[in-house]
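Listing of my_file_13.txt, compact mmCIF, C-alpha atoms
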```
# COMPACT_ATOMS: atom_id res chain seq x y z
CA MET A 1 -43.07 -26.12 52.85
CA GLU A 2 -45.56 -23.47 51.69
CA GLU A 3 -48.75 -24.85 50.16
CA ASP A 4 -48.14 -23.18 46.82
CA GLU A 5 -44.47 -24.17 46.61
CA VAL A 6 -43.80 -26.67 43.84
CA ARG A 7 -40.86 -28.97 44.43
CA MET A 8 -39.45 -31.00 41.57
CA PRO A 9 -38.63 -34.71 41.89
CA GLU A 10 -35.36 -35.55 43.60
CA ASN A 11 -32.44 -36.08 41.20
CA ALA A 12 -34.03 -33.98 38.47
CA LYS A 13 -31.26 -32.08 36.69
CA VAL A 14 -31.14 -28.89 34.68
CA GLN A 15 -28.57 -28.22 31.97
CA LEU A 16 -28.00 -24.58 31.09
CA LYS A 17 -26.52 -24.05 27.66
CA TRP A 18 -24.65 -21.35 25.76
CA VAL A 19 -23.30 -21.30 22.22
CA TYR A 20 -20.11 -19.57 21.12
CA THR A 21 -18.04 -18.89 18.04
CA PRO A 22 -15.51 -19.68 16.79
CA THR A 23 -16.11 -23.29 17.79
CA ASP A 24 -12.36 -23.94 18.15
CA PHE A 25 -11.91 -21.04 20.58
CA PHE A 26 -10.69 -23.36 23.36
CA GLU A 27 -9.10 -26.02 21.09
CA GLU A 28 -9.85 -28.81 23.57
CA LYS A 29 -12.65 -29.78 25.97
CA GLU A 30 -12.58 -27.73 29.18
CA THR A 31 -14.13 -28.93 32.45
CA THR A 32 -12.23 -26.96 35.14
CA LEU A 33 -12.89 -23.28 34.41
CA LEU A 34 -16.01 -23.02 36.61
CA PRO A 35 -14.79 -24.84 39.74
CA ASP A 36 -18.12 -24.55 41.57
CA TYR A 37 -20.17 -26.13 38.77
CA GLU A 38 -20.21 -29.32 36.72
CA HIS A 39 -19.63 -28.10 33.18
CA THR A 40 -18.14 -28.68 29.75
CA ILE A 41 -16.90 -26.15 27.22
CA GLU A 42 -16.34 -27.77 23.84
CA ASN A 43 -17.01 -27.40 20.10
CA GLY A 44 -19.01 -24.19 20.33
CA GLU A 45 -21.21 -25.13 23.29
CA VAL A 46 -21.10 -24.52 27.03
CA THR A 47 -23.17 -26.82 29.26
CA VAL A 48 -23.56 -26.32 33.01
CA SER A 49 -25.40 -29.04 34.97
CA MET A 50 -26.92 -28.82 38.44
CA ASP A 51 -29.72 -30.14 40.61
CA LEU A 52 -33.01 -28.61 39.47
CA ASN A 53 -34.23 -27.84 43.00
CA GLU A 54 -30.93 -26.10 43.75
CA TYR A 55 -31.21 -24.09 40.54
CA GLN A 56 -34.77 -22.99 41.33
CA SER A 57 -33.81 -21.98 44.87
CA LEU A 58 -31.09 -19.60 43.66
CA PRO A 59 -32.61 -16.78 41.58
CA GLY A 60 -30.19 -15.17 39.18
CA THR A 61 -27.96 -18.23 38.76
CA GLN A 62 -28.08 -18.12 34.97
CA GLU A 63 -27.18 -14.43 34.90
CA GLN A 64 -24.34 -15.04 37.35
CA LEU A 65 -23.00 -17.88 35.21
CA HIS A 66 -23.23 -15.77 32.07
CA ASN A 67 -21.18 -13.07 33.76
CA LEU A 68 -18.55 -15.62 34.82
CA LEU A 69 -18.40 -17.01 31.29
CA ILE A 70 -17.81 -13.56 29.84
CA GLY A 71 -14.81 -13.24 32.14
CA ILE A 72 -13.54 -16.67 31.12
CA PHE A 73 -13.87 -15.93 27.41
CA ARG A 74 -12.21 -12.52 27.73
CA GLY A 75 -9.29 -14.09 29.55
CA ALA A 76 -9.03 -16.80 26.88
CA ALA A 77 -9.04 -14.16 24.13
CA LEU A 78 -5.68 -12.91 25.41
CA VAL A 79 -4.28 -16.20 24.13
CA SER A 80 -6.59 -16.97 21.21
CA GLN A 81 -6.42 -13.38 19.93
CA LYS A 82 -9.74 -13.96 18.17
CA PRO A 83 -13.05 -12.12 18.48
CA PHE A 84 -15.77 -14.31 19.95
CA THR A 85 -19.52 -14.43 20.40
CA LEU A 86 -21.29 -15.95 23.40
CA LYS A 87 -25.06 -16.38 23.44
CA ALA A 88 -27.54 -18.10 25.74
CA GLY A 89 -28.64 -21.37 24.16
CA GLY A 90 -31.54 -22.30 26.42
CA GLN A 91 -31.89 -25.04 28.99
CA GLU A 92 -32.90 -28.68 29.27
CA THR A 93 -34.53 -30.32 32.29
CA ILE A 94 -33.89 -34.05 32.71
CA TYR A 95 -36.15 -36.07 35.03
CA PRO A 96 -35.32 -39.40 36.71
CA ASP A 97 -37.87 -41.22 34.52
CA GLY A 98 -36.10 -40.05 31.36
CA ARG A 99 -38.46 -37.22 30.44
CA ARG A 100 -36.84 -34.08 29.08
CA ASP A 101 -38.13 -30.51 28.82
CA VAL A 102 -36.18 -28.40 26.36
CA SER A 103 -36.23 -24.61 26.05
CA LEU A 104 -34.14 -23.32 23.15
CA GLN A 105 -32.82 -19.77 22.67
CA ILE A 106 -30.22 -20.47 19.99
CA ASP A 107 -29.81 -17.83 17.29
CA SER A 108 -28.70 -18.81 13.82
CA ALA A 109 -25.12 -17.84 13.04
CA VAL A 110 -22.62 -18.08 10.25
CA ILE A 111 -19.39 -19.58 11.58
CA LYS A 112 -16.13 -18.82 9.87
CA MET A 113 -13.41 -21.34 10.60
CA THR A 114 -9.82 -20.13 10.83
CA ALA A 115 -6.58 -21.83 9.94
CA GLY A 116 -5.09 -23.97 12.65
CA THR A 117 -2.05 -23.04 14.70
CA ILE A 118 1.23 -24.79 13.97
CA ASP A 119 2.52 -26.41 17.15
CA ILE A 120 5.97 -27.70 18.07
CA ILE A 121 6.93 -30.49 20.46
CA VAL A 122 10.57 -30.69 21.55
CA LYS A 123 11.96 -33.93 23.04
CA ASP A 124 15.31 -34.70 24.60
CA GLN A 125 17.58 -37.56 23.53
CA ASN A 126 15.60 -39.97 25.73
CA GLY A 127 12.30 -39.10 24.09
CA GLN A 128 11.02 -37.05 27.03
CA VAL A 129 8.97 -33.99 26.11
CA ILE A 130 10.75 -30.83 27.26
CA ALA A 131 8.61 -28.30 25.37
CA ASP A 132 5.08 -28.57 24.00
CA SER A 133 3.79 -25.32 22.49
CA LYS A 134 0.17 -26.47 22.40
CA GLN A 135 0.14 -27.61 26.03
CA GLU A 136 1.81 -24.38 27.12
CA ARG A 137 -0.83 -22.41 25.23
CA LEU A 138 -3.69 -24.43 26.75
CA ASN A 139 -2.27 -23.99 30.26
CA LYS A 140 -1.91 -20.24 29.76
CA ARG A 141 -5.44 -19.92 28.41
CA ARG A 142 -6.88 -21.80 31.39
CA ARG A 143 -4.90 -19.71 33.87
CA LEU A 144 -5.94 -16.39 32.34
CA SER A 145 -9.57 -17.46 31.96
CA ILE A 146 -9.75 -18.28 35.66
CA LEU A 147 -8.02 -15.06 36.73
CA SER A 148 -10.22 -12.96 34.48
CA ALA A 149 -13.43 -14.49 35.81
CA LYS A 150 -12.17 -14.17 39.38
CA TYR A 151 -11.25 -10.49 39.35
CA ARG A 152 -13.38 -8.65 36.79
CA ASP A 153 -16.36 -8.18 39.12
CA ASN A 154 -14.21 -6.92 41.99
CA ASP A 155 -11.79 -4.66 40.13
CA PRO A 156 -13.08 -2.12 37.58
CA VAL A 157 -9.64 -1.92 35.99
CA VAL A 158 -9.83 -5.60 35.01
CA GLU A 159 -13.21 -5.07 33.39
CA SER A 160 -11.89 -1.97 31.61
CA ILE A 161 -8.72 -3.50 30.14
CA LEU A 162 -10.39 -6.77 29.13
CA SER A 163 -13.17 -4.82 27.45
CA SER A 164 -10.63 -2.66 25.59
CA PHE A 165 -8.78 -5.73 24.35
CA GLU A 166 -12.03 -7.29 23.16
CA LYS A 167 -12.88 -4.05 21.32
CA SER A 168 -9.47 -4.12 19.62
CA LEU A 169 -10.34 -7.54 18.19
CA ASN A 170 -13.87 -6.62 17.17
CA ASN A 171 -12.94 -3.23 15.67
CA PRO A 172 -9.66 -3.62 13.75
CA GLU A 173 -10.04 -0.17 12.17
CA THR A 174 -9.49 1.40 15.62
CA ALA A 175 -7.40 -1.39 17.16
CA LEU A 176 -4.56 0.85 18.33
CA VAL A 177 -7.00 3.20 20.05
CA HIS A 178 -8.34 0.38 22.20
CA LEU A 179 -4.93 -1.16 22.88
CA TYR A 180 -3.67 2.19 24.12
CA GLU A 181 -6.67 2.38 26.46
CA ILE A 182 -5.10 -0.53 28.34
CA ARG A 183 -1.87 1.37 28.92
CA ASP A 184 -3.79 4.48 29.92
CA ALA A 185 -6.02 2.60 32.40
CA LEU A 186 -3.00 1.02 34.09
CA ALA A 187 -1.18 4.34 34.33
CA LYS A 188 -4.22 5.83 36.06
CA LYS A 189 -4.56 2.82 38.36
CA PHE A 190 -0.99 3.27 39.65
CA SER A 191 -1.12 7.09 39.58
CA GLY A 192 1.62 7.36 36.99
CA GLU A 193 3.52 5.53 34.30
CA ALA A 194 6.70 5.01 36.32
CA ILE A 195 4.90 3.19 39.14
CA ALA A 196 2.82 1.16 36.70
CA LYS A 197 5.91 -0.04 34.83
CA ARG A 198 7.72 -0.89 38.05
CA GLU A 199 4.82 -2.75 39.69
CA LEU A 200 3.94 -4.71 36.55
CA GLY A 201 7.45 -5.34 35.31
CA ILE A 202 6.85 -3.70 31.91
CA SER A 203 9.96 -2.38 30.21
CA SER A 204 10.14 1.30 29.30
CA SER A 205 10.87 0.38 25.69
CA LYS A 206 7.66 -1.63 25.34
CA TRP A 207 5.62 0.97 27.21
CA SER A 208 6.91 3.70 24.90
CA ARG A 209 6.56 1.60 21.77
CA LEU A 210 2.84 1.09 22.31
CA GLY A 211 2.44 4.82 22.85
CA ARG A 212 4.41 5.58 19.70
CA LEU A 213 2.34 3.23 17.55
CA ALA A 214 -0.95 4.53 18.92
CA ASN A 215 -0.11 8.25 19.08
CA ASP A 216 2.83 9.23 16.90
CA GLU A 217 2.89 7.10 13.78
CA PRO A 218 0.66 8.32 10.89
CA LEU A 219 -1.60 5.29 11.06
CA ASN A 220 -5.28 5.02 10.19
CA GLN A 221 -5.82 2.81 13.23
CA GLY A 222 -4.16 5.27 15.64
CA ARG A 223 -5.51 7.78 18.14
CA HIS A 224 -4.42 11.02 16.49
CA ASN A 225 -4.70 10.31 12.80
CA GLY A 226 -6.32 13.70 12.23
CA VAL A 227 -3.26 15.70 13.33
CA HIS A 228 -0.69 14.20 10.98
CA ILE A 229 0.42 16.16 7.95
CA GLY A 230 0.34 14.17 4.73
CA ALA A 231 -1.17 10.85 3.80
CA LEU A 232 -1.94 8.27 6.43
CA ARG A 233 -1.24 4.59 5.98
CA ASP A 234 -2.63 1.40 7.41
CA ALA A 235 -0.59 -0.21 10.14
CA THR A 236 1.28 -3.27 8.95
CA ASN A 237 0.38 -6.68 10.31
CA SER A 238 3.66 -6.76 12.20
CA GLU A 239 2.95 -3.36 13.82
CA LEU A 240 -0.52 -4.46 14.90
CA GLU A 241 0.83 -7.74 16.21
CA GLU A 242 3.57 -5.93 18.13
CA ALA A 243 1.09 -3.52 19.72
CA ARG A 244 -1.31 -6.34 20.56
CA ASN A 245 1.43 -8.44 22.18
CA ILE A 246 2.60 -5.51 24.32
CA ALA A 247 -0.99 -4.86 25.43
CA ILE A 248 -1.48 -8.54 26.24
CA GLU A 249 1.69 -8.50 28.34
CA MET A 250 0.27 -5.55 30.27
CA VAL A 251 -3.08 -7.23 30.89
CA VAL A 252 -1.46 -10.51 31.96
CA ALA A 253 0.93 -8.67 34.25
CA TYR A 254 -1.97 -6.90 35.96
CA LEU A 255 -3.95 -10.13 36.42
CA GLU A 256 -0.87 -11.76 37.95
CA TYR A 257 -0.30 -8.65 40.12
CA LEU A 258 -3.78 -9.08 41.63
CA LYS A 259 -2.83 -12.54 42.92
CA THR A 260 -0.57 -10.85 45.48
CA HIS A 261 -2.48 -7.56 45.67
CA PRO A 262 -6.14 -8.69 45.65
CA PRO A 263 -8.78 -6.02 45.12
CA ARG A 264 -10.89 -5.01 48.09
CA LEU A 265 -14.42 -6.34 47.92
CA PRO A 266 -17.06 -3.61 47.61
```
Now that the file is in, can you turn its structure into structure tokens?
Amino acid sequence: MEEDEVRMPENAKVQLKWVYTPTDFFEEKETTLLPDYEHTIENGEVTVSMDLNEYQSLPGTQEQLHNLLIGIFRGAALVSQKPFTLKAGGQETIYPDGRRDVSLQIDSAVIKMTAGTIDIIVKDQNGQVIADSKQERLNKRRRLSILSAKYRDNDPVVESILSSFEKSLNNPETALVHLYEIRDALAKKFSGEAIAKRELGISSSKWSRLGRLANDEPLNQGRHNGVHIGALRDATNSELEEARNIAIEMVVAYLEYLKTHPPRLP
């Protein structure tokens, strides 16, 4: 060991923290989305725990974890369909003798709670659950969070389409512009719409419908609202929901596609 190297006591732990909104973004406590780290994601806070000596020996760990968390949250947003914020919340060092060093970076925030989702549980005549909408939603969110975090650093298309979907949530006045970016990015990835639809299993009707909503309808949220003759109108909630659901299907299809066609590492 170098003379000037400072080694912390064995068993000292560091807890890295982040804060996020909305606090119900994941609905339930999550502990499996970062398989290489001990962690919890719950009630607006992310905590990652590790040995302090290990943490200090790996420069850039916090930045790496933040990048992974962005991928996880962007994947989860495909299910939650809510804008989110994620901020570093500092760290806490816990020593074997009970001492604690706390470094806080938490910004004040106004949190707006949203109405809860109505869930349905279907049971057969023997009382066995055959359908649970909440559990299905939780499973889907976990799966997409993991896929998003896994592929976004290795495939620029993943980063592009997840970013576009996030922008559609954060900027509702141009939502259709950003949702169309997803279709456009996938068409370029596969060198044409026909191949993209075939490889991803997207129907021609849905592919065309997203294009029609974004390009052809006289909508304020669309891509070409300056070329329409006459008054523009706001897209209806059902039109926005339809476009968003088609775009989500495209993103999910591409993430699933990468499971059998993994991107080449740089």
Just how far from atom CA of Asn53 of chain A is atom CA of Tyr37 of chain A, in Å to one decimal? 14.8 Å
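Between Thr93 of chain A and the residues A:Leu219, A:Ala214, A:Ala12, A:Val251, the shortest atom-to-atom distance, using all atoms listed in the file, involves A:Ala12.
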Distance of atom CA of Gln221 of chain A from atom CA of Glu173 of chain A, expressed in Å to one decimal place: 5.3 Å
Shell around segment 178-185 of chain A at 10 Å using all atoms listed in the file, local window under 2 positions removed, as a VMD selection string: chain A and resid 156 to 158 160 to 169 171 to 172 174 to 176 187 to 193 196 to 197 207 to 208 210 to 215 221 to 223 240 243 to 248 250 to 251
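For the atom pair formed by atom CA of Arg152 of chain A and atom CA of Pro35 of chain A, the distance is 16.5 Å, given to one decimal.
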